[in-house]
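**Q** Input: one structure, supplied below.
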Amino acid sequence: MVLAALRKDFLLHWRARARLAAIFGFGSTALLLFSFAIGPSAEALRQHAAGFLWLALLLSSTLALAESFESEMQDRALEGLLLLPAPPRAVYYGKALANCAQLTLLGVALVPVMVVLYDAGTSRLPGLLGVILLGSAGLSAPGTLYAAMTSQAKAGQTLLPLLLFPLVVPVLLSAVKATSLLILGDPMGQLGSWALLLGAFDLIHWSLCGLLFGRVVEE
Amino acid sequence: MGGLALAVDASGLSRRYGRRWALVDVSLRVPAGTVVMVTGRNGSGKSTLLRVLATAIRADRGTARVAGYDIRSAAHEVRRMTALLAHHSHLYEALSALQNLQVAARFLGRDAGRSALLPLLEETGLADRAEDPVSTFSAGMRRRLSLARVLLQEGSVVLLDEPYGQLDPPGFRLVDGLLTRLRAQGATVLMATHLLERGRALCDEAIALEEGRLVWAGRARDLPGDGGADPSSLGAAGA
């Protein structure tokens, strides 16, 4: 069932791929604007690069997550799925996995922009990919739940960041720290601990949100 | 409406939206295999009744068993046994007609292959638009695709909310054929409609709702007057 949901969501993402390009444009613009705030100092830019990468991804994620439920609410497609009956948990994990894949792709696409704007490259690309994957998972699990909740509200697009941002602060801190260690160097060998912490937050979010989704979408 | 094998056995169903009660103390017993017309004015509670029975929304009061399962404690089983054609199409606009059926088929555990689903699109007159996104469909075409989805579900209790709505004359014949087919398969059908002559001809039983209350129940061909469009035409409650 999760596979059926995942397939459906990948198909919906593929059909809306032009939107993903627009969201990438938004993330890149955010990175550009943040770089203006730092000024021309190369050292300062490098030091802030990880934080701004994750801020850009966080801001972009609210757009991507909200849009992922737009198609579910048009003509009450989600209600139709639940009446088939599709298990709410399967619907949730399918959508959360698809959102995680989309955010990971977005994060990977923003890395070259960060390298160009902040002169902040790293040779540890598999490590960076791993951190982006874990961080995207940490954003998409609660993000999918809250997007489902706010998509039924009138001011949903405004409510989503208000609800999501406080909840993902621990994920964001861990992801920024781990990314920063990859870019600036890790003389104390702290990367593993931050990645582990990030993984632990992911585990909590993916378990709890899967349990709660049914209560959110069922009347 | 009585009988031993009841497909729908509802008692005191009530549902409110905010302060307004849309359904008030509706009790209903529908034997399996019966085709029932649900009629009444706009806002009389027809859609609410069907949505409560389909477990799309919860009843605030009362109980009901659909296909032998309780709508509160066994909603998943009720959903497995029922198919609802609702006002909303339940379709993904961005996906094609075929993809929409494939999504439903995968969740139902059915064959989602093109060859398995194309006959449904042919039956509903959409085979030549199978690959087109639903966003390009007219309201009538969406209705046809929703009907194809209902056929795919093969529910033993089928709840049709104004199935003739937005359809053209061939579409009307399609729904007539669907009702005949469902009857032959032994399915129980509750159909909300304003088309009384059609309902009288195709349905076994009828109920009329007025301001959320059941005001008449009996054989469809005996349904008086305009079936609830003017409540005074129904006389005393036959329920």
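Please note that chains go A, B, ... in the order of the structure tokens, that every chain numbers its residues from 1, and that ligands are numbered from 1 in the order shown.
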Mind listing as JSON, numbers by chain which residues of chain A are within 12 Å of chain B, counting only C-alpha atoms?

**A** {"A": [1, 2, 3, 4, 5, 6, 7, 8, 9, 10, 11, 12, 13, 14, 15, 16, 17, 68, 69, 70, 71, 72, 73, 74, 75, 76, 77, 78, 79, 80, 81, 82, 83, 84, 85, 86, 87, 88, 90, 91, 217, 218, 219]}

**Q** Give the helix (DSSP H, G or I) residues of region 15-236 of chain B, as assigned by DSSP on the backbone, as number ranges by chain.

**A** B: 46-53, 75-81, 97-108, 114-123, 127-129, 134-136, 139-153, 169-184, 196-202, 220-222, 231-234

**Q** One number please: CA of Arg221 (chain B) to CA of Val158 (chain B), in Å, one decimal.

**A**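 CA of Arg221 (chain B) sits 20.9 Å away from CA of Val158 (chain B).
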
**Q** List as an mmCIF file with C-alpha atoms, in the first residue's frame the protein and nucleic acid residues near Leu106 (chain A), meaning an atom at most 12 Å away when only C-alpha atoms are counted, but skip any in the same chain fewer than 3 places from it.

**A**
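Written out: result19.cif:
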```
data_model
loop_
_atom_site.group_PDB
_atom_site.id
_atom_site.type_symbol
_atom_site.label_atom_id
_atom_site.label_comp_id
_atom_site.auth_asym_id
_atom_site.auth_seq_id
_atom_site.Cartn_x
_atom_site.Cartn_y
_atom_site.Cartn_z
ATOM 1 C CA ARG A 17 7.794 19.258 -12.214
ATOM 2 C CA ARG A 19 6.686 23.868 -9.955
ATOM 3 C CA LEU A 20 9.817 22.188 -8.625
ATOM 4 C CA ALA A 21 11.879 24.326 -10.995
ATOM 5 C CA ALA A 22 10.112 27.415 -9.635
ATOM 6 C CA ILE A 23 10.784 26.318 -6.038
ATOM 7 C CA PHE A 24 14.468 25.798 -6.920
ATOM 8 C CA GLY A 25 14.476 29.353 -8.304
ATOM 9 C CA PHE A 26 13.008 30.574 -5.016
ATOM 10 C CA GLY A 27 15.652 28.720 -2.970
ATOM 11 C CA SER A 28 18.478 30.058 -5.145
ATOM 12 C CA LEU A 53 21.662 26.529 2.790
ATOM 13 C CA TRP A 54 19.300 25.009 5.358
ATOM 14 C CA ALA A 56 16.809 28.338 1.971
ATOM 15 C CA LEU A 57 15.771 24.680 2.003
ATOM 16 C CA LEU A 58 13.422 25.246 4.938
ATOM 17 C CA LEU A 59 11.706 28.186 3.233
ATOM 18 C CA SER A 60 11.464 26.272 -0.045
ATOM 19 C CA SER A 61 10.104 23.234 1.783
ATOM 20 C CA LEU A 63 6.121 25.832 -0.652
ATOM 21 C CA ALA A 64 6.792 22.261 -1.772
ATOM 22 C CA ASN A 99 8.290 14.802 -0.245
ATOM 23 C CA CYS A 100 11.585 13.665 1.276
ATOM 24 C CA ALA A 101 12.880 12.678 -2.172
ATOM 25 C CA GLN A 102 11.791 16.039 -3.573
ATOM 26 C CA LEU A 103 13.468 18.018 -0.764
ATOM 27 C CA ALA A 109 20.486 21.190 -6.510
ATOM 28 C CA LEU A 110 21.089 24.117 -4.124
ATOM 29 C CA VAL A 111 24.604 22.905 -3.186
ATOM 30 C CA PRO A 112 26.274 24.179 -6.405
ATOM 31 C CA VAL A 113 24.520 27.534 -5.904
ATOM 32 C CA LEU A 129 24.432 13.968 0.513
ATOM 33 C CA ILE A 132 20.912 16.511 3.176
ATOM 34 C CA LEU A 133 18.959 13.239 3.052
ATOM 35 C CA GLY A 135 17.749 16.741 7.125
ATOM 36 C CA SER A 136 15.161 16.482 4.342
#
```

**Q** Tell me, as a ChimeraX atom specification, which residues lie within 10 Å of Leu117 (chain B), counting only C-alpha atoms; anything in the same chain fewer than 2 positions away does not count.

**A** /B:98-99,101-102,105,110-115,119-122,127,130,148-149,152

**Q** In region 10-152 of chain B, what's strand (DSSP E or B) per DSSP? Answer as a VMD selection string?

**A** chain B and resid 10 to 17 20 to 31 35 to 40 61 to 66 69 to 70 82 to 85 96 133

**Q** Which residue, A:Ser174, A:Gln47, A:Ser151, A:Ser180, has the smallest gap to Leu139 (chain A) when you use only C-alpha atoms?

**A**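 Among A:Ser174, A:Gln47, A:Ser151, A:Ser180, it is A:Ser174 that comes nearest to Leu139 (chain A).
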
**Q** May I ask for the distance between CA of Ala137 (chain A) and CA of Ala120 (chain A), given in Å to one decimal place?

**A**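 CA of Ala120 (chain A) lies at a distance of 23.3 Å from CA of Ala137 (chain A).
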
**Q** Name all residues at most 12 Å from Ser138 (chain B) (count only C-alpha atoms; drop same-chain ones fewer than 3 positions away) and give them as a ChimeraX atom specification.

**A** /B:89,93,126,129,132-135,141-145,166-168

**Q** Could you state the separation of CA of Val169 (chain A) and CA of Met149 (chain A) in Å, given to one decimal place?

**A**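 These atoms are spaced 19.5 Å apart.
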